[in-house]
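Notes follow once the structure below has been shown.
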Amino acid sequence: MTKWTAEDVVDQTGRTFVVTGANSGLGEVVARALGKAGADVVLACRDTTKADAVAAEIGPNAVVRKLDLSDLSSVRAFADATEKFDVLVNNAGVMAVPFRRTVDGFEMQIGTNHLGHFALTGLLKDKLTDRVVTMSSALHQLGTVDLDDLNFERRKYNRWLAYGQSKLANLLFTYELQRRLAASGSSLKALASHPGYASTNLQGHTESIQDKLMGIGNSIFAQSAEMGALPELWAATAPDAFGGSYIGPDGPFEQRGYPKVVGSNKKSHDSKTASGLWTLSEKLTGVSFGI
């Protein structure tokens, strides 16, 4: 995996990928790289106008489909209309937004980043042939998954702790999904990735002065979106990727660099919390994986 880049993606002709949030940022980079490698790419996006422009540049092997992860009816409609495919890349997300709720009443960050992708993955599981890759973050270190108040109905809302909870949930979900897939004898694989500190428009939606501060940070410290996308691109395409792996940058503090297998904190490996989150997520979304 040493200094692996998008140019090292093996030929993906004949394979189909669904990439959420592929209209901009890391998802767009991944979709473009997959298209260049010969894959058929479904850009699953809330903003279909921006996605249409990206798909047009990729070429006839790219199509756009509407998906709003903050609305379970949209998730179900997308899943119902999806045919058999190979890889699901759960890339989309929101970060440090002001307190608000999804259509279904979930806190926006856990609702979009975790529950929306949880439901999507469960509804598409039997149509998948290869793997699921879910985007987490080094900021999972900030998170604590509160199973008694997942949606901040009683806790005081803190945008960064809520983001950390959602990114920790992404890892708990990935590891628990891999355990359940393996126990059921499935050949499907579940992996997670994080981009390090990458410059994308994700940092521009806090609706506060933090947008300007992070914009300055992006220009000085962050690596490019092209580099930040490499861990999830490797996780989505590498033939020798192991289920349950977490892929991030190989540089200092995992902030930049080329993809490698990295570790995650103790909380992310708490199987009791993972099982509890799984059960709660099935209850909240009404989606059962059957494993």
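Convention: chains lettered A, B, ... in structure tokens order; per-chain residue numbering from 1; ligands numbered from 1 as shown.
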
How would you write, as a CSV table (one decimal) with all heavy atoms, in the first residue's frame, the set of residues in region 48-158 of chain A that DSSP gives as strand (DSSP E or B)?
chain,number,residue,atom,x,y,z
A,62,ALA,N,-21.7,7.0,-15.6
A,62,ALA,CA,-22.1,7.6,-14.4
A,62,ALA,C,-23.5,8.1,-14.5
A,62,ALA,O,-24.0,8.7,-15.5
A,62,ALA,CB,-21.2,8.8,-14.0
A,63,VAL,N,-24.3,7.8,-13.4
A,63,VAL,CA,-25.7,8.2,-13.4
A,63,VAL,C,-26.0,8.8,-12.0
A,63,VAL,O,-25.3,8.5,-11.0
A,63,VAL,CB,-26.7,7.0,-13.6
A,63,VAL,CG1,-26.5,6.4,-15.0
A,63,VAL,CG2,-26.5,6.0,-12.5
A,64,VAL,N,-27.0,9.7,-12.0
A,64,VAL,CA,-27.3,10.4,-10.7
A,64,VAL,C,-28.7,9.9,-10.2
A,64,VAL,O,-29.6,9.8,-11.0
A,64,VAL,CB,-27.4,11.9,-11.0
A,64,VAL,CG1,-27.9,12.7,-9.7
A,64,VAL,CG2,-26.0,12.5,-11.4
A,65,ARG,N,-28.7,9.7,-8.9
A,65,ARG,CA,-30.0,9.3,-8.3
A,65,ARG,C,-30.2,10.1,-7.0
A,65,ARG,O,-29.3,10.3,-6.3
A,65,ARG,CB,-30.0,7.8,-8.0
A,65,ARG,CG,-29.8,6.9,-9.2
A,65,ARG,CD,-31.2,6.3,-9.6
A,65,ARG,NE,-31.9,5.8,-8.4
A,65,ARG,CZ,-31.6,4.6,-7.8
A,65,ARG,NH1,-30.6,3.8,-8.3
A,65,ARG,NH2,-32.3,4.2,-6.8
A,66,LYS,N,-31.4,10.5,-6.8
A,66,LYS,CA,-31.7,11.3,-5.6
A,66,LYS,C,-31.7,10.5,-4.4
A,66,LYS,O,-32.2,9.4,-4.3
A,66,LYS,CB,-33.1,11.9,-5.8
A,66,LYS,CG,-33.6,12.7,-4.6
A,66,LYS,CD,-33.0,14.1,-4.6
A,66,LYS,CE,-33.7,15.0,-3.5
A,66,LYS,NZ,-33.1,16.3,-3.4
A,85,PHE,N,-25.7,-4.6,-7.3
A,85,PHE,CA,-24.4,-3.8,-7.5
A,85,PHE,C,-23.3,-4.4,-6.6
A,85,PHE,O,-23.5,-5.3,-5.9
A,85,PHE,CB,-24.6,-2.3,-7.3
A,85,PHE,CG,-24.9,-1.9,-5.9
A,85,PHE,CD1,-23.9,-1.3,-5.1
A,85,PHE,CD2,-26.1,-2.2,-5.3
A,85,PHE,CE1,-24.1,-0.9,-3.8
A,85,PHE,CE2,-26.4,-1.8,-4.0
A,85,PHE,CZ,-25.4,-1.2,-3.2
A,86,ASP,N,-22.1,-3.8,-6.7
A,86,ASP,CA,-21.0,-4.4,-6.1
A,86,ASP,C,-20.5,-3.8,-4.8
A,86,ASP,O,-20.2,-4.4,-3.8
A,86,ASP,CB,-19.8,-4.4,-7.0
A,86,ASP,CG,-20.1,-5.3,-8.3
A,86,ASP,OD1,-20.1,-6.5,-8.2
A,86,ASP,OD2,-20.3,-4.7,-9.3
A,87,VAL,N,-20.4,-2.4,-4.8
A,87,VAL,CA,-19.8,-1.8,-3.6
A,87,VAL,C,-20.7,-0.5,-3.2
A,87,VAL,O,-21.0,0.3,-4.1
A,87,VAL,CB,-18.4,-1.3,-3.9
A,87,VAL,CG1,-17.8,-0.5,-2.7
A,87,VAL,CG2,-17.5,-2.5,-4.3
A,88,LEU,N,-20.9,-0.4,-1.9
A,88,LEU,CA,-21.6,0.8,-1.4
A,88,LEU,C,-20.6,1.6,-0.6
A,88,LEU,O,-19.9,1.1,0.3
A,88,LEU,CB,-22.7,0.3,-0.4
A,88,LEU,CG,-23.4,1.5,0.4
A,88,LEU,CD1,-24.1,2.5,-0.6
A,88,LEU,CD2,-24.4,0.8,1.3
A,89,VAL,N,-20.4,2.9,-1.0
A,89,VAL,CA,-19.5,3.8,-0.3
A,89,VAL,C,-20.4,4.8,0.4
A,89,VAL,O,-20.9,5.7,-0.2
A,89,VAL,CB,-18.6,4.5,-1.3
A,89,VAL,CG1,-17.6,5.4,-0.6
A,89,VAL,CG2,-17.8,3.5,-2.2
A,90,ASN,N,-20.4,4.6,1.7
A,90,ASN,CA,-21.2,5.5,2.6
A,90,ASN,C,-20.3,6.7,2.9
A,90,ASN,O,-19.7,6.8,4.0
A,90,ASN,CB,-21.6,4.8,3.9
A,90,ASN,CG,-22.7,3.8,3.7
A,90,ASN,OD1,-23.5,3.9,2.8
A,90,ASN,ND2,-22.6,2.7,4.4
A,101,ARG,N,-33.2,18.9,13.5
A,101,ARG,CA,-33.6,17.5,13.4
A,101,ARG,C,-33.9,17.1,12.0
A,101,ARG,O,-34.3,17.9,11.1
A,101,ARG,CB,-34.9,17.2,14.3
A,101,ARG,CG,-34.6,17.4,15.8
A,101,ARG,CD,-35.6,16.7,16.7
A,101,ARG,NE,-35.2,16.9,18.1
A,101,ARG,CZ,-34.3,16.1,18.7
A,101,ARG,NH1,-33.7,15.1,18.1
A,101,ARG,NH2,-34.1,16.3,20.0
A,107,GLU,N,-31.6,13.8,15.7
A,107,GLU,CA,-30.6,14.9,15.6
A,107,GLU,C,-29.8,14.7,14.3
A,107,GLU,O,-29.5,13.7,13.9
A,107,GLU,CB,-29.6,14.7,16.8
A,107,GLU,CG,-28.6,15.8,16.9
A,107,GLU,CD,-27.3,15.5,16.1
A,107,GLU,OE1,-26.8,14.4,16.1
A,107,GLU,OE2,-26.9,16.5,15.4
A,128,LEU,N,-26.0,-6.3,-2.6
A,128,LEU,CA,-24.6,-6.1,-2.7
A,128,LEU,C,-23.9,-7.4,-3.0
A,128,LEU,O,-24.3,-8.5,-2.6
A,128,LEU,CB,-24.1,-5.6,-1.4
A,128,LEU,CG,-24.0,-4.1,-1.1
A,128,LEU,CD1,-23.7,-3.8,0.4
A,128,LEU,CD2,-22.9,-3.5,-2.0
A,129,THR,N,-22.7,-7.3,-3.7
A,129,THR,CA,-21.9,-8.5,-4.0
A,129,THR,C,-20.6,-8.5,-3.4
A,129,THR,O,-19.9,-9.5,-3.2
A,129,THR,CB,-21.7,-8.7,-5.5
A,129,THR,OG1,-20.9,-7.6,-6.0
A,129,THR,CG2,-23.1,-8.7,-6.3
A,130,ASP,N,-20.1,-7.3,-2.9
A,130,ASP,CA,-18.7,-7.3,-2.5
A,130,ASP,C,-18.5,-6.6,-1.1
A,130,ASP,O,-18.2,-7.3,-0.1
A,130,ASP,CB,-17.9,-6.5,-3.5
A,130,ASP,CG,-16.4,-6.5,-3.2
A,130,ASP,OD1,-15.9,-7.2,-2.3
A,130,ASP,OD2,-15.6,-5.8,-3.9
A,131,ARG,N,-18.7,-5.3,-1.0
A,131,ARG,CA,-18.4,-4.7,0.3
A,131,ARG,C,-19.1,-3.4,0.5
A,131,ARG,O,-19.7,-2.8,-0.4
A,131,ARG,CB,-16.8,-4.4,0.3
A,131,ARG,CG,-16.4,-3.3,-0.6
A,131,ARG,CD,-14.9,-3.2,-0.7
A,131,ARG,NE,-14.3,-4.3,-1.4
A,131,ARG,CZ,-13.0,-4.5,-1.7
A,131,ARG,NH1,-12.1,-3.6,-1.3
A,131,ARG,NH2,-12.5,-5.5,-2.4
A,132,VAL,N,-19.0,-2.9,1.8
A,132,VAL,CA,-19.5,-1.6,2.3
A,132,VAL,C,-18.4,-0.9,2.9
A,132,VAL,O,-17.6,-1.4,3.7
A,132,VAL,CB,-20.6,-1.8,3.3
A,132,VAL,CG1,-21.1,-0.4,3.8
A,132,VAL,CG2,-21.7,-2.7,2.9
A,133,VAL,N,-18.2,0.4,2.5
A,133,VAL,CA,-17.2,1.2,3.0
A,133,VAL,C,-17.9,2.4,3.7
A,133,VAL,O,-18.6,3.1,3.0
A,133,VAL,CB,-16.1,1.7,2.0
A,133,VAL,CG1,-15.1,2.7,2.6
A,133,VAL,CG2,-15.5,0.5,1.3
A,134,THR,N,-17.6,2.7,4.9
A,134,THR,CA,-18.3,3.8,5.6
A,134,THR,C,-17.2,4.8,6.1
A,134,THR,O,-16.2,4.4,6.7
A,134,THR,CB,-19.1,3.3,6.8
A,134,THR,OG1,-20.1,2.4,6.3
A,134,THR,CG2,-19.8,4.4,7.6
A,135,MET,N,-17.5,6.1,5.9
A,135,MET,CA,-16.6,7.1,6.2
A,135,MET,C,-16.7,7.5,7.7
A,135,MET,O,-17.8,7.8,8.2
A,135,MET,CB,-16.9,8.4,5.4
A,135,MET,CG,-16.0,9.6,5.8
A,135,MET,SD,-14.3,9.4,5.3
A,135,MET,CE,-14.4,9.7,3.5

Name all residues at most 12 Å from region 48-59 of chain A (count only C-alpha atoms; drop same-chain ones fewer than 2 positions away) and give them as a short mmCIF file (atom, residue, chain, number, x, y, z; two decimals) with all heavy atoms, in the first residue's frame.
data_model
loop_
_atom_site.label_atom_id
_atom_site.label_comp_id
_atom_site.auth_asym_id
_atom_site.auth_seq_id
_atom_site.Cartn_x
_atom_site.Cartn_y
_atom_site.Cartn_z
N VAL A 19 -22.08 5.65 -4.56
CA VAL A 19 -21.31 6.57 -3.71
C VAL A 19 -22.25 7.66 -3.22
O VAL A 19 -22.78 8.45 -4.01
CB VAL A 19 -20.14 7.21 -4.48
CG1 VAL A 19 -19.31 8.09 -3.54
CG2 VAL A 19 -19.26 6.13 -5.12
N THR A 20 -22.47 7.72 -1.91
CA THR A 20 -23.33 8.78 -1.38
C THR A 20 -22.54 10.08 -1.26
O THR A 20 -21.34 10.07 -1.00
CB THR A 20 -23.92 8.39 0.00
OG1 THR A 20 -22.87 8.35 0.98
CG2 THR A 20 -24.61 7.04 -0.06
N GLY A 21 -23.23 11.19 -1.50
CA GLY A 21 -22.57 12.49 -1.40
C GLY A 21 -21.49 12.69 -2.44
O GLY A 21 -20.46 13.32 -2.18
N ALA A 22 -21.73 12.19 -3.65
CA ALA A 22 -20.70 12.23 -4.71
C ALA A 22 -20.74 13.50 -5.54
O ALA A 22 -20.05 13.60 -6.55
CB ALA A 22 -20.85 11.01 -5.62
N ASN A 23 -21.53 14.49 -5.12
CA ASN A 23 -21.64 15.72 -5.91
C ASN A 23 -20.52 16.71 -5.61
O ASN A 23 -20.33 17.68 -6.34
CB ASN A 23 -23.00 16.39 -5.66
CG ASN A 23 -23.22 16.71 -4.19
OD1 ASN A 23 -23.50 15.80 -3.41
ND2 ASN A 23 -23.07 17.96 -3.79
N SER A 24 -19.76 16.49 -4.52
CA SER A 24 -18.68 17.41 -4.17
C SER A 24 -17.71 16.73 -3.22
O SER A 24 -17.97 15.61 -2.74
CB SER A 24 -19.23 18.69 -3.52
OG SER A 24 -19.84 18.38 -2.27
N GLY A 25 -16.59 17.39 -2.94
CA GLY A 25 -15.65 16.93 -1.93
C GLY A 25 -15.07 15.55 -2.20
O GLY A 25 -14.79 15.18 -3.34
N GLY A 27 -16.41 12.59 -1.97
CA GLY A 27 -17.26 11.70 -2.77
C GLY A 27 -17.11 11.95 -4.25
O GLY A 27 -17.09 11.01 -5.05
N GLU A 28 -16.99 13.22 -4.62
CA GLU A 28 -16.78 13.54 -6.02
C GLU A 28 -15.45 12.98 -6.52
O GLU A 28 -15.37 12.40 -7.61
CB GLU A 28 -16.80 15.05 -6.24
CG GLU A 28 -16.52 15.46 -7.67
CD GLU A 28 -16.47 16.96 -7.87
OE1 GLU A 28 -16.89 17.71 -6.96
OE2 GLU A 28 -16.00 17.39 -8.95
N VAL A 29 -14.40 13.14 -5.72
CA VAL A 29 -13.09 12.62 -6.10
C VAL A 29 -13.15 11.11 -6.28
O VAL A 29 -12.62 10.56 -7.26
CB VAL A 29 -12.03 12.99 -5.04
CG1 VAL A 29 -10.70 12.30 -5.35
CG2 VAL A 29 -11.84 14.49 -4.98
N VAL A 30 -13.80 10.42 -5.36
CA VAL A 30 -13.92 8.97 -5.45
C VAL A 30 -14.71 8.56 -6.69
O VAL A 30 -14.32 7.65 -7.43
CB VAL A 30 -14.58 8.39 -4.17
CG1 VAL A 30 -14.98 6.93 -4.35
CG2 VAL A 30 -13.63 8.52 -2.99
N ALA A 31 -15.83 9.23 -6.93
CA ALA A 31 -16.65 8.91 -8.10
C ALA A 31 -15.87 9.10 -9.40
O ALA A 31 -15.95 8.27 -10.32
CB ALA A 31 -17.91 9.77 -8.10
N ARG A 32 -15.13 10.18 -9.49
CA ARG A 32 -14.34 10.44 -10.70
C ARG A 32 -13.27 9.36 -10.90
O ARG A 32 -13.05 8.89 -12.02
CB ARG A 32 -13.67 11.82 -10.61
CG ARG A 32 -14.64 12.99 -10.74
CD ARG A 32 -13.88 14.31 -10.67
NE ARG A 32 -14.77 15.47 -10.73
CZ ARG A 32 -15.22 16.00 -11.85
NH1 ARG A 32 -14.88 15.47 -13.02
NH2 ARG A 32 -16.01 17.07 -11.82
N ALA A 33 -12.60 8.99 -9.80
CA ALA A 33 -11.55 7.97 -9.89
C ALA A 33 -12.13 6.62 -10.30
O ALA A 33 -11.53 5.89 -11.11
CB ALA A 33 -10.82 7.85 -8.56
N LEU A 34 -13.28 6.27 -9.75
CA LEU A 34 -13.93 5.01 -10.11
C LEU A 34 -14.35 5.01 -11.58
O LEU A 34 -14.16 4.02 -12.30
CB LEU A 34 -15.14 4.78 -9.22
CG LEU A 34 -14.86 4.50 -7.74
CD1 LEU A 34 -16.14 4.52 -6.94
CD2 LEU A 34 -14.14 3.17 -7.58
N GLY A 35 -14.91 6.13 -12.02
CA GLY A 35 -15.31 6.23 -13.41
C GLY A 35 -14.12 6.11 -14.34
O GLY A 35 -14.19 5.43 -15.38
N LYS A 36 -13.02 6.74 -13.98
CA LYS A 36 -11.80 6.67 -14.78
C LYS A 36 -11.28 5.24 -14.87
O LYS A 36 -10.70 4.83 -15.89
CB LYS A 36 -10.74 7.59 -14.19
CG LYS A 36 -9.46 7.66 -15.01
CD LYS A 36 -8.47 8.63 -14.38
CE LYS A 36 -7.17 8.70 -15.19
NZ LYS A 36 -6.19 9.65 -14.56
N ALA A 37 -11.50 4.47 -13.79
CA ALA A 37 -11.03 3.08 -13.75
C ALA A 37 -11.99 2.13 -14.46
O ALA A 37 -11.78 0.92 -14.45
CB ALA A 37 -10.83 2.64 -12.30
N GLY A 38 -13.07 2.66 -15.04
CA GLY A 38 -13.98 1.84 -15.83
C GLY A 38 -15.23 1.40 -15.13
O GLY A 38 -16.06 0.68 -15.73
N ALA A 39 -15.42 1.80 -13.87
CA ALA A 39 -16.60 1.37 -13.12
C ALA A 39 -17.85 2.10 -13.58
O ALA A 39 -17.79 3.22 -14.10
CB ALA A 39 -16.39 1.61 -11.63
N ASP A 40 -19.00 1.48 -13.36
CA ASP A 40 -20.28 2.17 -13.45
C ASP A 40 -20.52 2.79 -12.07
O ASP A 40 -20.40 2.09 -11.05
CB ASP A 40 -21.40 1.20 -13.79
CG ASP A 40 -21.26 0.65 -15.21
OD1 ASP A 40 -20.92 1.43 -16.11
OD2 ASP A 40 -21.49 -0.56 -15.39
N VAL A 41 -20.83 4.07 -12.04
CA VAL A 41 -20.94 4.79 -10.78
C VAL A 41 -22.31 5.43 -10.63
O VAL A 41 -22.77 6.14 -11.52
CB VAL A 41 -19.86 5.90 -10.67
CG1 VAL A 41 -19.87 6.50 -9.27
CG2 VAL A 41 -18.48 5.36 -11.00
N VAL A 42 -22.95 5.16 -9.50
CA VAL A 42 -24.21 5.79 -9.16
C VAL A 42 -23.91 6.89 -8.14
O VAL A 42 -23.45 6.60 -7.03
CB VAL A 42 -25.22 4.79 -8.56
CG1 VAL A 42 -26.52 5.50 -8.18
CG2 VAL A 42 -25.49 3.66 -9.54
N LEU A 43 -24.14 8.13 -8.53
CA LEU A 43 -23.94 9.26 -7.64
C LEU A 43 -25.23 9.47 -6.86
O LEU A 43 -26.23 9.96 -7.40
CB LEU A 43 -23.58 10.52 -8.43
CG LEU A 43 -22.15 10.62 -9.00
CD1 LEU A 43 -21.98 9.66 -10.18
CD2 LEU A 43 -21.84 12.04 -9.46
N ALA A 44 -25.24 9.07 -5.60
CA ALA A 44 -26.43 9.12 -4.76
C ALA A 44 -26.37 10.40 -3.94
O ALA A 44 -25.64 10.49 -2.95
CB ALA A 44 -26.49 7.90 -3.85
N CYS A 45 -27.15 11.42 -4.34
CA CYS A 45 -26.95 12.76 -3.80
C CYS A 45 -28.26 13.48 -3.52
O CYS A 45 -29.26 13.27 -4.21
CB CYS A 45 -26.15 13.61 -4.80
SG CYS A 45 -24.56 12.89 -5.27
N ARG A 46 -28.21 14.35 -2.53
CA ARG A 46 -29.33 15.23 -2.26
C ARG A 46 -29.39 16.35 -3.30
O ARG A 46 -30.45 16.72 -3.77
CB ARG A 46 -29.21 15.80 -0.85
CG ARG A 46 -30.37 16.68 -0.42
CD ARG A 46 -30.25 17.10 1.03
NE ARG A 46 -28.98 17.77 1.30
CZ ARG A 46 -28.62 18.21 2.50
NH1 ARG A 46 -29.39 18.01 3.54
NH2 ARG A 46 -27.46 18.83 2.67
N ASN A 61 -20.84 6.24 -18.08
CA ASN A 61 -20.85 5.21 -17.04
C ASN A 61 -21.23 5.76 -15.67
O ASN A 61 -21.14 5.05 -14.67
CB ASN A 61 -19.50 4.49 -16.96
CG ASN A 61 -18.32 5.43 -16.77
OD1 ASN A 61 -18.35 6.57 -17.23
ND2 ASN A 61 -17.27 4.96 -16.12
N ALA A 62 -21.67 7.02 -15.61
CA ALA A 62 -22.10 7.63 -14.36
C ALA A 62 -23.55 8.06 -14.46
O ALA A 62 -23.96 8.65 -15.46
CB ALA A 62 -21.22 8.83 -14.02
N VAL A 63 -24.32 7.77 -13.42
CA VAL A 63 -25.72 8.20 -13.36
C VAL A 63 -25.97 8.84 -12.01
O VAL A 63 -25.29 8.54 -11.02
CB VAL A 63 -26.70 7.02 -13.57
CG1 VAL A 63 -26.52 6.42 -14.96
CG2 VAL A 63 -26.52 5.97 -12.48
N VAL A 64 -26.96 9.72 -11.97
CA VAL A 64 -27.32 10.42 -10.73
C VAL A 64 -28.66 9.93 -10.24
O VAL A 64 -29.61 9.79 -11.01
CB VAL A 64 -27.38 11.94 -10.98
CG1 VAL A 64 -27.88 12.67 -9.72
CG2 VAL A 64 -26.02 12.46 -11.38
N ARG A 65 -28.73 9.68 -8.92
CA ARG A 65 -30.00 9.29 -8.30
C ARG A 65 -30.20 10.09 -7.03
O ARG A 65 -29.26 10.31 -6.27
CB ARG A 65 -29.97 7.79 -7.96
CG ARG A 65 -29.85 6.86 -9.18
CD ARG A 65 -31.19 6.30 -9.57
NE ARG A 65 -31.89 5.78 -8.41
CZ ARG A 65 -31.58 4.60 -7.83
NH1 ARG A 65 -30.62 3.84 -8.30
NH2 ARG A 65 -32.27 4.20 -6.78
N LYS A 66 -31.40 10.54 -6.81
CA LYS A 66 -31.73 11.34 -5.64
C LYS A 66 -31.66 10.51 -4.37
O LYS A 66 -32.24 9.42 -4.29
CB LYS A 66 -33.14 11.92 -5.81
CG LYS A 66 -33.65 12.73 -4.63
CD LYS A 66 -33.03 14.09 -4.57
CE LYS A 66 -33.67 14.95 -3.49
NZ LYS A 66 -33.08 16.31 -3.43
N LEU A 67 -30.96 11.03 -3.36
CA LEU A 67 -30.90 10.39 -2.05
C LEU A 67 -30.69 11.44 -0.98
O LEU A 67 -29.69 12.15 -0.98
CB LEU A 67 -29.76 9.36 -1.98
CG LEU A 67 -29.51 8.76 -0.59
CD1 LEU A 67 -30.71 7.93 -0.12
CD2 LEU A 67 -28.24 7.91 -0.57
N ASP A 68 -31.63 11.54 -0.07
CA ASP A 68 -31.52 12.43 1.08
C ASP A 68 -31.45 11.56 2.32
O ASP A 68 -32.45 10.98 2.76
CB ASP A 68 -32.73 13.37 1.15
CG ASP A 68 -32.61 14.38 2.29
OD1 ASP A 68 -31.72 14.23 3.14
OD2 ASP A 68 -33.44 15.30 2.34
#

Q: For each of A:Leu72, A:Val145, A:Ala162, A:Leu139, take the minimum atom-to-atom distance to Phe99 (chain A), counting only C-alpha atoms, then give the residue where this is smallest.
A: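 Nearest to Phe99 (chain A): A:Ala162.
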
Q: Return as number ranges by chain the full set of residues in region 16-199 of chain A whose backbone-based DSSP assignment is alpha helix (DSSP H).
A: A: 25-36, 48-58, 72-80, 108-109, 117-124, 159-183

Identify, on the basis of only C-alpha atoms, every residue whose closest approach to region 230-242 of chain A does not exceed 7 Å; exclude the query and any residue fewer than 6 positions from it along the same chain; express the result as a PDB file with C-alpha atoms, in the first residue's frame.
ATOM      1  CA  THR A   5      -2.602   6.655  -5.374  1.00  0.00           C
ATOM      2  CA  ALA A   6      -5.715   6.787  -7.538  1.00  0.00           C
ATOM      3  CA  VAL A   9      -6.797   1.505  -8.755  1.00  0.00           C
ATOM      4  CA  VAL A  30     -13.924   8.966  -5.446  1.00  0.00           C
ATOM      5  CA  VAL A  87     -19.816  -1.751  -3.612  1.00  0.00           C
ATOM      6  CA  VAL A 133     -17.155   1.234   3.029  1.00  0.00           C
ATOM      7  CA  LEU A 191     -14.621  -1.510   6.070  1.00  0.00           C
ATOM      8  CA  SER A 193     -11.972   4.900   6.395  1.00  0.00           C
ATOM      9  CA  HIS A 194     -11.078   8.437   7.347  1.00  0.00           C
ATOM     10  CA  PRO A 195      -9.478  11.204   5.259  1.00  0.00           C
ATOM     11  CA  GLY A 248      -6.504   6.312   7.031  1.00  0.00           C
ATOM     12  CA  PRO A 249      -3.480   8.421   6.041  1.00  0.00           C
ATOM     13  CA  TYR A 258      -1.108   7.816   1.685  1.00  0.00           C
ATOM     14  CA  PRO A 259      -3.566   5.095   2.776  1.00  0.00           C
TER      15      PRO A 259
END

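Closest approach to Ser166 (chain A) among A:Gly105, A:Gly257, A:Gly143, A:Pro98 is made by A:Gly143 (distances from only C-alpha atoms).
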
Q: For Asp250 (chain A), work out the shell of residues within 12 Å, counting only C-alpha atoms and skipping chain neighbours fewer than 3 positions away, then give it as a ChimeraX atom specification.
A: /A:1-4,194-197,227-228,230-231,247,253-263

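Computed from the coordinates, the CA of Val75 (chain A) to CA of Thr102 (chain A) distance equals 12.6 Å.
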
Q.
What's around Lys266 (chain A) at 12 Å? Count only C-alpha atoms, leave out sequence neighbours fewer than 6 positions away in its own chain, and write the answer as a list of chain:residue names.
A.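 Near neighbours after the sequence-gap exclusion: A:His140, A:Gln141, A:Gly143, A:Thr144, A:Leu168, A:Leu171, A:Leu172, A:Thr273, A:Ala274.
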
Q: Would you kindly return, as a PyMOL selection string, each protein, DNA or RNA residue with an atom no farther than 9 Å from any atom of region 116-126 of chain A, considering only C-alpha atoms and excluding same-chain residues fewer than 3 positions away?
A: chain A and resi 20+68-72+75-76+78-80+82-84+88+90-92+110-113+129+132+134+170+173+188+278+281-282+285-290
